[in-house]
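**Q** What follows is start11.cif, mmCIF, C-alpha atoms.
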```cif
data_structure
#
loop_
_atom_site.label_atom_id
_atom_site.label_comp_id
_atom_site.auth_asym_id
_atom_site.auth_seq_id
_atom_site.Cartn_x
_atom_site.Cartn_y
_atom_site.Cartn_z
CA MET A 454 3.07 -3.43 -17.63
CA GLU A 455 3.86 0.24 -18.10
CA ASN A 456 1.19 0.51 -20.77
CA ARG A 457 -2.16 2.09 -19.98
CA LEU A 458 -4.78 -0.24 -18.58
CA ASN A 459 -7.88 -0.90 -20.64
CA SER A 460 -10.20 0.63 -18.06
CA SER A 461 -10.00 4.29 -17.11
CA LEU A 462 -11.43 3.53 -13.65
CA LEU A 463 -8.71 0.96 -13.02
CA GLU A 464 -6.12 3.31 -14.50
CA LYS A 465 -7.25 6.12 -12.18
CA ALA A 466 -7.18 3.87 -9.10
CA VAL A 467 -3.73 2.56 -9.99
CA ALA A 468 -2.40 6.06 -10.69
CA ASP A 469 -3.73 7.39 -7.36
CA LEU A 470 -2.52 4.39 -5.37
CA SER A 471 0.96 4.62 -6.84
CA LYS A 472 1.28 8.19 -5.51
CA LEU A 473 1.49 6.70 -2.01
CA PRO A 474 5.02 6.33 -0.62
CA GLY A 475 6.62 2.93 -1.26
CA ILE A 476 3.86 1.85 -3.67
CA GLY A 477 4.90 1.48 -7.29
CA ARG A 478 2.70 0.85 -10.30
CA LYS A 479 2.87 -2.94 -10.03
CA THR A 480 1.95 -2.97 -6.34
CA ALA A 481 -0.83 -0.44 -7.03
CA LEU A 482 -2.25 -2.74 -9.72
CA ARG A 483 -2.07 -5.71 -7.36
CA LEU A 484 -3.95 -3.75 -4.67
CA ALA A 485 -6.58 -2.55 -7.16
CA LEU A 486 -7.18 -6.07 -8.51
CA HIS A 487 -7.38 -7.34 -4.92
CA LEU A 488 -10.15 -4.82 -4.20
CA LEU A 489 -11.95 -5.86 -7.40
CA ARG A 490 -12.09 -9.45 -6.15
CA LYS A 491 -13.43 -8.48 -2.72
CA GLU A 492 -16.93 -7.42 -1.68
CA PRO A 493 -17.87 -3.87 -2.81
CA GLU A 494 -18.39 -2.89 0.86
CA GLU A 495 -14.68 -3.34 1.52
CA ALA A 496 -13.59 -0.88 -1.19
CA VAL A 497 -16.33 1.59 -0.21
CA SER A 498 -15.29 1.38 3.44
CA LEU A 499 -11.62 1.94 2.60
CA GLY A 500 -12.40 4.78 0.19
CA ASN A 501 -14.62 6.60 2.67
CA ALA A 502 -12.14 6.03 5.50
CA LEU A 503 -9.40 7.76 3.49
CA ILE A 504 -11.68 10.67 2.52
CA GLU A 505 -12.93 11.17 6.09
CA LEU A 506 -9.42 10.82 7.49
CA ARG A 507 -8.25 13.80 5.48
CA THR A 508 -11.36 15.96 5.49
CA LYS A 509 -12.77 15.44 9.02
CA ILE A 510 -9.64 15.19 11.11
CA SER A 511 -8.27 18.36 12.63
CA TYR A 512 -5.60 19.29 15.14
CA CYS A 513 -5.87 19.77 18.89
CA SER A 514 -5.86 23.49 19.73
CA CYS A 515 -3.71 22.77 22.78
CA CYS A 516 -1.04 20.22 21.78
CA HIS A 517 -1.42 20.15 17.93
CA ASN A 518 -1.83 16.38 17.93
CA ILE A 519 -4.46 15.07 15.49
CA SER A 520 -7.94 15.19 16.93
CA GLU A 521 -11.57 15.00 15.93
CA GLU A 522 -12.59 17.49 18.62
CA GLU A 523 -11.33 20.94 19.67
CA THR A 524 -8.99 19.26 22.17
CA CYS A 525 -7.59 15.77 21.67
CA GLN A 526 -8.29 12.68 23.76
CA ILE A 527 -4.99 12.98 25.58
CA CYS A 528 -5.40 16.67 26.48
CA SER A 529 -8.95 16.07 27.72
CA ASP A 530 -8.09 12.95 29.75
CA PRO A 531 -8.47 13.94 33.46
CA ARG A 532 -6.11 11.15 34.58
CA ARG A 533 -3.09 12.68 32.84
CA ASP A 534 -0.66 15.00 34.61
CA ARG A 535 -1.32 18.45 33.11
CA LYS A 536 1.91 19.91 34.51
CA ILE A 537 4.28 17.70 32.48
CA VAL A 538 4.55 18.30 28.73
CA CYS A 539 6.49 16.06 26.37
CA VAL A 540 7.69 17.95 23.27
CA VAL A 541 7.80 15.79 20.11
CA GLU A 542 8.41 16.43 16.43
CA ASN A 543 5.29 14.83 14.94
CA ILE A 544 2.26 12.60 15.41
CA GLN A 545 4.21 9.38 14.90
CA ASP A 546 6.40 10.35 17.85
CA VAL A 547 3.30 10.82 20.04
CA LEU A 548 2.32 7.26 19.12
CA ALA A 549 5.84 5.98 19.80
CA VAL A 550 5.99 7.59 23.27
CA GLU A 551 2.42 6.49 24.07
CA ALA A 552 3.34 2.93 23.14
CA THR A 553 5.98 2.88 25.88
CA GLY A 554 3.39 3.71 28.56
CA SER A 555 6.15 5.68 30.34
CA HIS A 556 4.69 9.18 29.97
CA LYS A 557 1.62 10.17 31.96
CA GLY A 558 1.63 13.87 31.08
CA LEU A 559 0.53 15.79 27.98
CA TYR A 560 2.23 16.39 24.63
CA HIS A 561 3.23 19.29 22.44
CA VAL A 562 3.64 18.46 18.74
CA LEU A 563 6.06 20.87 17.04
CA GLY A 564 5.20 19.80 13.50
CA GLY A 565 8.87 19.75 12.47
CA LEU A 566 12.37 20.62 13.64
CA ILE A 567 14.44 23.76 13.09
CA SER A 568 16.44 23.09 9.92
CA PRO A 569 18.03 26.13 8.23
CA LEU A 570 19.11 23.96 5.27
CA ASP A 571 15.45 23.08 4.59
CA GLY A 572 14.35 26.67 5.26
CA ILE A 573 12.52 25.74 8.47
CA GLY A 574 12.98 28.37 11.15
CA PRO A 575 11.64 28.62 14.73
CA SER A 576 8.54 30.51 13.56
CA ASP A 577 7.58 27.68 11.19
CA ILE A 578 7.03 25.20 14.00
CA GLU A 579 4.91 25.37 17.16
CA ILE A 580 7.50 26.87 19.53
CA ASP A 581 5.73 30.16 20.38
CA SER A 582 2.60 28.23 21.35
CA LEU A 583 4.75 26.01 23.60
CA VAL A 584 6.21 29.04 25.34
CA LYS A 585 2.69 30.47 25.86
CA ARG A 586 1.51 27.11 27.20
CA VAL A 587 4.37 26.93 29.69
CA GLU A 588 3.60 30.46 30.85
CA ASN A 589 -0.20 30.24 31.05
CA ASP A 590 -0.63 26.65 32.29
CA LYS A 591 2.20 26.86 34.85
CA ILE A 592 3.89 23.78 33.39
CA LYS A 593 6.36 22.23 35.87
CA GLU A 594 8.38 20.03 33.52
CA VAL A 595 9.05 20.06 29.79
CA ILE A 596 10.49 16.80 28.44
CA LEU A 597 12.33 17.37 25.16
CA ALA A 598 11.74 14.14 23.21
CA LEU A 599 13.26 15.04 19.85
CA SER A 600 15.43 12.82 17.66
CA PRO A 601 19.17 12.87 18.53
CA THR A 602 20.11 14.61 15.27
CA ILE A 603 21.61 18.00 14.48
CA GLU A 604 18.12 19.38 13.79
CA GLY A 605 16.80 17.84 17.01
CA ASP A 606 19.67 19.26 19.07
CA THR A 607 19.30 22.72 17.48
CA THR A 608 15.59 22.71 18.29
CA ASN A 609 16.26 21.43 21.83
CA PHE A 610 18.71 24.27 22.42
CA TYR A 611 16.37 26.91 20.98
CA ILE A 612 13.49 25.75 23.16
CA PHE A 613 15.80 25.59 26.20
CA ARG A 614 16.81 29.22 25.69
CA LYS A 615 13.22 30.37 25.12
CA LEU A 616 12.02 28.64 28.31
CA SER A 617 14.91 29.64 30.54
CA ALA A 618 12.94 32.71 31.67
CA PHE A 619 10.25 30.52 33.26
CA PRO A 620 10.39 28.42 36.46
CA VAL A 621 10.12 25.14 34.53
CA LYS A 622 12.28 22.04 34.79
CA ILE A 623 13.60 21.12 31.35
CA THR A 624 14.66 17.52 30.75
CA MET A 625 15.58 15.56 27.66
CA LEU A 626 15.53 11.88 26.74
CA ALA A 627 18.50 9.87 28.05
CA ARG A 628 21.13 9.02 25.43
CA GLY A 629 23.07 5.84 25.80
CA LEU A 630 23.19 2.20 24.81
CA SER A 631 20.12 0.78 23.08
CA VAL A 632 18.59 -2.11 24.99
CA GLY A 633 19.72 -5.36 23.36
CA ASN A 634 22.57 -3.81 21.34
CA GLU A 635 26.09 -5.13 21.76
CA LEU A 636 28.68 -2.75 23.20
CA GLU A 637 31.14 -3.69 20.44
CA TYR A 638 28.85 -2.41 17.71
CA THR A 639 27.69 0.78 19.44
CA ASP A 640 28.99 3.90 17.67
CA GLU A 641 31.68 5.87 19.52
CA LEU A 642 29.57 9.02 20.00
CA THR A 643 26.80 7.09 21.73
CA LEU A 644 29.28 5.05 23.77
CA GLY A 645 31.17 8.21 24.78
CA LYS A 646 27.94 9.95 25.86
CA SER A 647 26.88 6.89 27.81
CA ILE A 648 30.18 6.92 29.74
CA GLN A 649 29.94 10.66 30.47
CA ASN A 650 26.30 10.30 31.54
CA ARG A 651 26.78 7.06 33.50
CA ILE A 652 24.10 6.36 36.09
CA PRO A 653 24.25 4.73 39.56
CA PHE A 654 23.91 0.95 39.43
CA GLN A 655 20.46 0.07 40.72
CA MET B 174 2.50 0.49 18.08
CA GLU B 175 -0.16 -2.18 18.41
CA ASN B 176 -2.19 0.03 20.75
CA ARG B 177 -5.25 1.84 19.46
CA LEU B 178 -4.63 5.22 17.90
CA ASN B 179 -6.08 8.25 19.64
CA SER B 180 -8.33 9.13 16.71
CA SER B 181 -11.11 6.82 15.58
CA LEU B 182 -10.88 8.21 12.01
CA LEU B 183 -7.18 7.41 11.86
CA GLU B 184 -7.81 4.03 13.49
CA LYS B 185 -10.47 3.22 10.88
CA ALA B 186 -8.24 4.26 7.97
CA VAL B 187 -5.32 2.25 9.32
CA ALA B 188 -7.52 -0.80 9.97
CA ASP B 189 -8.96 -0.67 6.44
CA LEU B 190 -5.59 -0.06 4.77
CA SER B 191 -3.99 -2.96 6.64
CA LYS B 192 -6.57 -5.34 5.13
CA LEU B 193 -4.81 -4.87 1.78
CA PRO B 194 -2.35 -7.62 0.83
CA GLY B 195 1.24 -6.93 1.87
CA ILE B 196 0.29 -3.92 3.99
CA GLY B 197 0.74 -4.35 7.72
CA ARG B 198 -0.34 -2.01 10.48
CA LYS B 199 2.90 0.00 10.47
CA THR B 200 2.82 0.57 6.71
CA ALA B 201 -0.88 1.43 6.91
CA LEU B 202 -0.14 4.05 9.56
CA ARG B 203 2.66 5.49 7.41
CA LEU B 204 0.31 5.72 4.41
CA ALA B 205 -2.45 7.34 6.49
CA LEU B 206 -0.06 9.93 7.97
CA HIS B 207 1.28 10.61 4.48
CA LEU B 208 -2.26 11.38 3.29
CA LEU B 209 -2.79 13.64 6.32
CA ARG B 210 0.19 15.75 5.30
CA LYS B 211 -0.95 16.09 1.67
CA GLU B 212 -3.67 18.27 0.17
CA PRO B 213 -7.22 17.07 0.97
CA GLU B 214 -7.89 16.72 -2.79
CA GLU B 215 -5.36 13.88 -2.98
CA ALA B 216 -7.06 11.78 -0.31
CA VAL B 217 -10.52 12.52 -1.75
CA SER B 218 -9.34 11.57 -5.24
CA LEU B 219 -7.84 8.29 -4.02
CA GLY B 220 -10.86 7.45 -1.90
CA ASN B 221 -13.31 8.08 -4.72
CA ALA B 222 -11.12 6.20 -7.20
CA LEU B 223 -11.22 3.09 -4.99
CA ILE B 224 -14.99 3.34 -4.48
CA GLU B 225 -15.71 3.87 -8.18
CA LEU B 226 -13.28 1.12 -9.15
CA ARG B 227 -15.27 -1.44 -7.21
CA THR B 228 -18.80 -0.13 -7.72
CA LYS B 229 -18.76 1.11 -11.33
CA ILE B 230 -16.54 -1.43 -13.03
CA SER B 231 -18.20 -4.46 -14.56
CA TYR B 232 -17.18 -7.30 -16.82
CA CYS B 233 -17.26 -7.58 -20.59
CA SER B 234 -20.20 -9.72 -21.68
CA CYS B 235 -18.05 -11.25 -24.42
CA CYS B 236 -14.59 -11.97 -22.95
CA HIS B 237 -15.22 -11.39 -19.19
CA ASN B 238 -12.35 -8.93 -18.97
CA ILE B 239 -13.02 -5.88 -16.77
CA SER B 240 -14.90 -3.16 -18.60
CA GLU B 241 -16.92 -0.03 -17.98
CA GLU B 242 -19.19 -0.76 -20.96
CA GLU B 243 -21.18 -3.80 -22.07
CA THR B 244 -18.20 -4.89 -24.19
CA CYS B 245 -14.62 -4.04 -23.28
CA GLN B 246 -12.21 -1.83 -25.21
CA ILE B 247 -10.38 -4.82 -26.68
CA CYS B 248 -13.54 -6.60 -27.87
CA SER B 249 -14.88 -3.42 -29.46
CA ASP B 250 -11.60 -2.47 -31.15
CA PRO B 251 -12.14 -2.90 -34.93
CA ARG B 252 -8.38 -3.32 -35.56
CA ARG B 253 -8.20 -6.58 -33.61
CA ASP B 254 -8.54 -9.98 -35.25
CA ARG B 255 -11.93 -11.31 -34.09
CA LYS B 256 -11.16 -14.86 -35.19
CA ILE B 257 -8.27 -15.47 -32.77
CA VAL B 258 -9.06 -15.83 -29.06
CA CYS B 259 -6.41 -16.03 -26.36
CA VAL B 260 -7.67 -17.92 -23.29
CA VAL B 261 -6.23 -16.62 -19.98
CA GLU B 262 -6.85 -17.29 -16.32
CA ASN B 263 -7.45 -13.75 -15.08
CA ILE B 264 -7.25 -10.01 -15.73
CA GLN B 265 -3.59 -9.76 -14.77
CA ASP B 266 -2.80 -12.27 -17.53
CA VAL B 267 -4.65 -10.11 -20.09
CA LEU B 268 -2.39 -7.23 -19.04
CA ALA B 269 0.70 -9.44 -19.23
CA VAL B 270 -0.12 -10.66 -22.75
CA GLU B 271 -1.11 -7.15 -23.89
CA ALA B 272 2.22 -5.84 -22.60
CA THR B 273 4.06 -8.14 -25.03
CA GLY B 274 2.26 -6.62 -28.03
CA SER B 275 2.40 -10.10 -29.64
CA HIS B 276 -1.32 -10.85 -29.65
CA LYS B 277 -3.62 -8.99 -32.04
CA GLY B 278 -6.76 -11.03 -31.42
CA LEU B 279 -9.33 -11.06 -28.61
CA TYR B 280 -9.27 -12.62 -25.13
CA HIS B 281 -11.36 -14.96 -23.05
CA VAL B 282 -10.90 -14.65 -19.28
CA LEU B 283 -11.74 -17.91 -17.50
CA GLY B 284 -11.77 -16.40 -14.02
CA GLY B 285 -9.82 -19.34 -12.60
CA LEU B 286 -8.45 -22.78 -13.40
CA ILE B 287 -9.94 -26.23 -12.85
CA SER B 288 -8.65 -27.34 -9.45
CA PRO B 289 -10.47 -30.27 -7.81
CA LEU B 290 -8.43 -29.79 -4.61
CA ASP B 291 -9.83 -26.26 -4.27
CA GLY B 292 -13.31 -27.40 -5.31
CA ILE B 293 -13.18 -25.53 -8.62
CA GLY B 294 -14.80 -27.54 -11.42
CA PRO B 295 -15.28 -26.77 -15.13
CA SER B 296 -18.70 -25.22 -14.45
CA ASP B 297 -17.21 -22.70 -11.99
CA ILE B 298 -15.14 -20.99 -14.68
CA GLU B 299 -16.05 -19.51 -18.07
CA ILE B 300 -15.57 -22.62 -20.23
CA ASP B 301 -19.16 -23.06 -21.48
CA SER B 302 -19.20 -19.44 -22.67
CA LEU B 303 -15.89 -20.08 -24.50
CA VAL B 304 -17.38 -23.08 -26.30
CA LYS B 305 -20.46 -21.02 -27.27
CA ARG B 306 -18.20 -18.24 -28.51
CA VAL B 307 -16.14 -20.61 -30.66
CA GLU B 308 -19.35 -22.03 -32.13
CA ASN B 309 -21.26 -18.79 -32.73
CA ASP B 310 -18.40 -16.49 -33.75
CA LYS B 311 -16.68 -19.05 -36.00
CA ILE B 312 -13.39 -18.64 -34.14
CA LYS B 313 -10.43 -19.91 -36.19
CA GLU B 314 -7.78 -20.21 -33.50
CA VAL B 315 -7.88 -20.57 -29.73
CA ILE B 316 -4.55 -19.87 -28.02
CA LEU B 317 -4.39 -21.52 -24.59
CA ALA B 318 -2.29 -19.12 -22.51
CA LEU B 319 -2.61 -20.70 -19.06
CA SER B 320 0.17 -21.13 -16.51
CA PRO B 321 2.31 -24.27 -16.96
CA THR B 322 1.01 -25.85 -13.74
CA ILE B 323 -1.05 -28.97 -13.03
CA GLU B 324 -4.20 -26.84 -12.83
CA GLY B 325 -3.29 -25.06 -16.07
CA ASP B 326 -2.61 -28.31 -17.89
CA THR B 327 -5.84 -29.88 -16.59
CA THR B 328 -7.81 -26.87 -17.80
CA ASN B 329 -5.96 -26.88 -21.15
CA PHE B 330 -6.87 -30.53 -21.66
CA TYR B 331 -10.51 -30.04 -20.67
CA ILE B 332 -10.89 -27.11 -23.08
CA PHE B 333 -9.11 -29.08 -25.82
CA ARG B 334 -11.61 -31.94 -25.47
CA LYS B 335 -14.61 -29.60 -25.38
CA LEU B 336 -13.46 -27.80 -28.54
CA SER B 337 -12.41 -30.88 -30.51
CA ALA B 338 -15.92 -31.04 -32.04
CA PHE B 339 -15.38 -27.68 -33.77
CA PRO B 340 -13.20 -26.77 -36.76
CA VAL B 341 -10.91 -24.59 -34.66
CA LYS B 342 -7.12 -24.62 -34.46
CA ILE B 343 -6.02 -25.00 -30.84
CA THR B 344 -2.56 -23.82 -29.89
CA MET B 345 -0.79 -23.31 -26.59
CA LEU B 346 2.09 -21.14 -25.41
CA ALA B 347 5.53 -22.52 -26.22
CA ARG B 348 7.38 -24.08 -23.29
CA GLY B 349 11.12 -23.95 -23.19
CA LEU B 350 14.06 -21.95 -21.94
CA SER B 351 13.34 -18.52 -20.46
CA VAL B 352 15.10 -15.74 -22.33
CA GLY B 353 18.21 -14.78 -20.35
CA ASN B 354 18.25 -17.89 -18.14
CA GLU B 355 21.35 -20.10 -18.07
CA LEU B 356 20.97 -23.65 -19.35
CA GLU B 357 22.79 -25.01 -16.30
CA TYR B 358 20.14 -23.69 -13.93
CA THR B 359 17.06 -24.62 -16.00
CA ASP B 360 15.00 -27.35 -14.32
CA GLU B 361 15.09 -30.77 -16.00
CA LEU B 362 11.38 -30.82 -16.93
CA THR B 363 11.67 -27.55 -18.83
CA LEU B 364 14.97 -28.56 -20.44
CA GLY B 365 13.52 -31.94 -21.44
CA LYS B 366 10.45 -30.30 -22.99
CA SER B 367 12.63 -27.82 -24.85
CA ILE B 368 14.66 -30.68 -26.38
CA GLN B 369 11.51 -32.59 -27.40
CA ASN B 370 9.93 -29.43 -28.85
CA ARG B 371 13.10 -28.14 -30.49
CA ILE B 372 12.52 -25.66 -33.31
CA PRO B 373 14.35 -25.04 -36.63
CA PHE B 374 17.27 -22.62 -36.25
CA GLN B 375 16.28 -19.32 -37.86
#
```
Could you write out this structure as structure tokens?

**A**
Amino acid sequence: MENRLNSSLLEKAVADLSKLPGIGRKTALRLALHLLRKEPEEAVSLGNALIELRTKISYCSCCHNISEEETCQICSDPRRDRKIVCVVENIQDVLAVEATGSHKGLYHVLGGLISPLDGIGPSDIEIDSLVKRVENDKIKEVILALSPTIEGDTTNFYIFRKLSAFPVKITMLARGLSVGNELEYTDELTLGKSIQNRIPFQ
Amino acid sequence: MENRLNSSLLEKAVADLSKLPGIGRKTALRLALHLLRKEPEEAVSLGNALIELRTKISYCSCCHNISEEETCQICSDPRRDRKIVCVVENIQDVLAVEATGSHKGLYHVLGGLISPLDGIGPSDIEIDSLVKRVENDKIKEVILALSPTIEGDTTNFYIFRKLSAFPVKITMLARGLSVGNELEYTDELTLGKSIQNRIPFQ
């Protein structure tokens, strides 16, 4: 089915859908034909939702999370602890941490990690704005919640150095055994760290 | 990540995307965040393509294939044989037959198969219009290209009876071994049919 479709509208929809990640031409055709069978309202609603998503959404001036207002819902929520800031790589990570319900403070979305191989330096991500925030808002604790990768560790260390001039407690996510994983199949680095960082039995 | 997202625009896009077949909430979120990272033009193009697909596309008055005009590109192509009509269940099947390049005639899209269990009778699909077409256009051959299922066979037989009054040759797709399949693993019904309908060695 690699040939052109006999309708340019269908062809355009299939071509645009198949630009999405993980969606090939066959899946795109299946989705387009599904929409053709449904009520027009459904396709119009989806189409407008995608357009509005990209054109109306902006970023919170404080934490750089996505937002429809100047400041996002989390930053403007009076019940959240404004003195604790959780530093994450991207929006998905905000959602992941929020889903745990374990963080009652605010966020700071870096928009990437320092990665010299990819040409991403400290000035390409939101580190300066984090330092300003810590200084101006008298932040008490910064939780570094970056992925346990080389890029994550590099970024953690850079932020740690930048913030060492301020009276702020800097913590990072615990590294150790994943809940539900078997000890036998845990990689040696993780197992080693979890022995070094062993915690009192509660 | 089953909790509500902190942006109603993102929530709406994710909710609408996850109505598509085979796309769950996590995939929908991944697609939405992908669009957020891309140029606005890409999301606008996709959104408009989906809206126009559903609102501007219509069906060919002759063969009921999708079309942007009164008659579709295939029906209005002067190089195609107007006396041979291939009867298919739906639009996907038109694409599948077209992809083979083996059919140079026109199509007739039934829009379904007779299926009493699903409450679909002969009057719910485009059989009457096929009979009229055969009569008015002096069709010479009708190729029944329906799936080899009970519903397909029922529909084949119904069409055969309806057309028996006209001087039209009625053929159906050959049934036999799939190219590349091993004999040992071919089901007995198919193998039996392929012995009964054996063809001269060429």

**Q** Can you build me a table of chain A residues sitting at most 9 Å from chain B, with the closest atom pair per residue and its distance in Å to one decimal, using all atoms listed in the file, sorted by chain and residue number, as JSON lines?

**A**
```
{"residue": "A:Met454", "atom": "CA", "partner": "B:Ala272", "partner_atom": "CA", "distance": 5.6}
{"residue": "A:Glu455", "atom": "CA", "partner": "B:Ala272", "partner_atom": "CA", "distance": 7.7}
{"residue": "A:Asn456", "atom": "CA", "partner": "B:Ala272", "partner_atom": "CA", "distance": 6.7}
{"residue": "A:Leu458", "atom": "CA", "partner": "B:Leu268", "partner_atom": "CA", "distance": 7.4}
{"residue": "A:Asn459", "atom": "CA", "partner": "B:Gln246", "partner_atom": "CA", "distance": 6.4}
{"residue": "A:Ser460", "atom": "CA", "partner": "B:Ser240", "partner_atom": "CA", "distance": 6.1}
{"residue": "A:Ser461", "atom": "CA", "partner": "B:Glu241", "partner_atom": "CA", "distance": 8.2}
{"residue": "A:Leu462", "atom": "CA", "partner": "B:Leu226", "partner_atom": "CA", "distance": 5.4}
{"residue": "A:Leu463", "atom": "CA", "partner": "B:Leu226", "partner_atom": "CA", "distance": 6.0}
{"residue": "A:Lys465", "atom": "CA", "partner": "B:Ala222", "partner_atom": "CA", "distance": 6.3}
{"residue": "A:Ala466", "atom": "CA", "partner": "B:Ala222", "partner_atom": "CA", "distance": 5.0}
{"residue": "A:Val467", "atom": "CA", "partner": "B:Ala222", "partner_atom": "CA", "distance": 8.7}
{"residue": "A:Ala468", "atom": "CA", "partner": "B:Leu219", "partner_atom": "CA", "distance": 8.9}
{"residue": "A:Asp469", "atom": "CA", "partner": "B:Leu219", "partner_atom": "CA", "distance": 5.4}
{"residue": "A:Leu470", "atom": "CA", "partner": "B:Leu219", "partner_atom": "CA", "distance": 6.7}
{"residue": "A:Leu473", "atom": "CA", "partner": "B:Leu204", "partner_atom": "CA", "distance": 6.6}
{"residue": "A:Pro474", "atom": "CA", "partner": "B:Leu204", "partner_atom": "CA", "distance": 6.9}
{"residue": "A:Gly475", "atom": "CA", "partner": "B:Leu204", "partner_atom": "CA", "distance": 8.9}
{"residue": "A:Leu482", "atom": "CA", "partner": "B:Gln265", "partner_atom": "CA", "distance": 8.8}
{"residue": "A:Arg483", "atom": "CA", "partner": "B:Pro194", "partner_atom": "CA", "distance": 8.4}
{"residue": "A:Leu484", "atom": "CA", "partner": "B:Leu193", "partner_atom": "CA", "distance": 6.6}
{"residue": "A:Ala485", "atom": "CA", "partner": "B:Leu223", "partner_atom": "CA", "distance": 7.6}
{"residue": "A:Leu486", "atom": "CA", "partner": "B:Gln265", "partner_atom": "CA", "distance": 8.1}
{"residue": "A:His487", "atom": "CA", "partner": "B:Leu193", "partner_atom": "CA", "distance": 7.6}
{"residue": "A:Leu488", "atom": "CA", "partner": "B:Arg227", "partner_atom": "CA", "distance": 6.8}
{"residue": "A:Leu489", "atom": "CA", "partner": "B:Arg227", "partner_atom": "CA", "distance": 5.5}
{"residue": "A:Arg490", "atom": "CA", "partner": "B:Arg227", "partner_atom": "CA", "distance": 8.7}
{"residue": "A:Lys491", "atom": "CA", "partner": "B:Arg227", "partner_atom": "CA", "distance": 8.6}
{"residue": "A:Glu492", "atom": "CA", "partner": "B:Arg227", "partner_atom": "CA", "distance": 8.3}
{"residue": "A:Pro493", "atom": "CA", "partner": "B:Arg227", "partner_atom": "CA", "distance": 5.7}
{"residue": "A:Glu494", "atom": "CA", "partner": "B:Arg227", "partner_atom": "CA", "distance": 8.8}
{"residue": "A:Glu495", "atom": "CA", "partner": "B:Asp189", "partner_atom": "CA", "distance": 8.0}
{"residue": "A:Ala496", "atom": "CA", "partner": "B:Ile224", "partner_atom": "CA", "distance": 5.5}
{"residue": "A:Val497", "atom": "CA", "partner": "B:Ile224", "partner_atom": "CA", "distance": 4.8}
{"residue": "A:Ser498", "atom": "CA", "partner": "B:Asp189", "partner_atom": "CA", "distance": 7.3}
{"residue": "A:Leu499", "atom": "CA", "partner": "B:Asp189", "partner_atom": "CA", "distance": 5.4}
{"residue": "A:Gly500", "atom": "CA", "partner": "B:Gly220", "partner_atom": "CA", "distance": 3.7}
{"residue": "A:Asn501", "atom": "CA", "partner": "B:Gly220", "partner_atom": "CA", "distance": 6.0}
{"residue": "A:Ala502", "atom": "CA", "partner": "B:Ala186", "partner_atom": "CA", "distance": 4.9}
{"residue": "A:Leu503", "atom": "CA", "partner": "B:Gly220", "partner_atom": "CA", "distance": 5.6}
{"residue": "A:Ile504", "atom": "CA", "partner": "B:Val217", "partner_atom": "CA", "distance": 4.8}
{"residue": "A:Glu505", "atom": "CA", "partner": "B:Leu182", "partner_atom": "CA", "distance": 6.9}
{"residue": "A:Leu506", "atom": "CA", "partner": "B:Leu182", "partner_atom": "CA", "distance": 5.4}
{"residue": "A:Arg507", "atom": "CA", "partner": "B:Leu209", "partner_atom": "CA", "distance": 5.5}
{"residue": "A:Thr508", "atom": "CA", "partner": "B:Pro213", "partner_atom": "CA", "distance": 6.2}
{"residue": "A:Lys509", "atom": "CA", "partner": "B:Leu182", "partner_atom": "CA", "distance": 8.0}
{"residue": "A:Ile510", "atom": "CA", "partner": "B:Leu182", "partner_atom": "CA", "distance": 7.1}
{"residue": "A:Ile519", "atom": "CA", "partner": "B:Ser180", "partner_atom": "CA", "distance": 7.2}
{"residue": "A:Ser520", "atom": "CA", "partner": "B:Ser180", "partner_atom": "CA", "distance": 6.1}
{"residue": "A:Glu521", "atom": "CA", "partner": "B:Ser180", "partner_atom": "CA", "distance": 6.8}
{"residue": "A:Cys525", "atom": "CA", "partner": "B:Asn179", "partner_atom": "CA", "distance": 7.9}
{"residue": "A:Gln526", "atom": "CA", "partner": "B:Asn179", "partner_atom": "CA", "distance": 6.4}
{"residue": "A:Ile527", "atom": "CA", "partner": "B:Asn179", "partner_atom": "CA", "distance": 7.7}
{"residue": "A:Ile544", "atom": "CA", "partner": "B:Leu206", "partner_atom": "CA", "distance": 8.2}
{"residue": "A:Gln545", "atom": "CA", "partner": "B:Leu206", "partner_atom": "CA", "distance": 8.2}
{"residue": "A:Leu548", "atom": "CA", "partner": "B:Met174", "partner_atom": "CA", "distance": 6.9}
{"residue": "A:Ala549", "atom": "CA", "partner": "B:Met174", "partner_atom": "CA", "distance": 6.7}
{"residue": "A:Glu551", "atom": "CA", "partner": "B:Met174", "partner_atom": "CA", "distance": 8.5}
{"residue": "A:Ala552", "atom": "CA", "partner": "B:Met174", "partner_atom": "CA", "distance": 5.7}
{"residue": "A:Thr553", "atom": "CA", "partner": "B:Met174", "partner_atom": "CA", "distance": 8.9}
```

**Q** For A:Asp590, which residue out of A:Arg478, A:Pro620, A:Glu635, A:Lys615 is the nearest one, using all atoms listed in the file?

**A**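 Of the candidates, the smallest distance to A:Asp590 is held by A:Pro620.
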
**Q** Once the PyMOL selection byres ((chain A and resi 613) around 12) has been applied to the shown file, what residues remain in the selection, as a list in words?

**A**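 This file, filtered by the PyMOL selection byres ((chain A and resi 613) around 12), leaves Val540, Ile580, Leu583, Val584, Glu594, Val595, Ile596, Leu597, Asp606, Thr607, Thr608, Asn609, Phe610, Tyr611, Ile612, Arg614, Lys615, Leu616, Ser617, Ala618, Phe619, Pro620, Val621, Lys622, Ile623, Thr624 and Met625 of chain A.
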
**Q** What is the distance, in Å and to one decimal place, between atom CA of B:Glu243 and atom CA of B:Gly284?

**A**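 If I compute the distance from atom CA of B:Glu243 to atom CA of B:Gly284, I get 17.7 Å.
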
**Q** Nearest residue to B:Ile312 out of B:Gly353, B:Gly285, B:Gly278, B:Gly365, using all atoms listed in the file?

**A** B:Gly278

**Q** Name the closest residue to A:Asp530 among the candidates A:Arg628, A:Lys557, A:Arg651, A:Lys479; distances are taken between atoms, counting all atoms listed in the file.

**A**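 Looking at the shortest contact to A:Asp530, the residue is A:Lys557.
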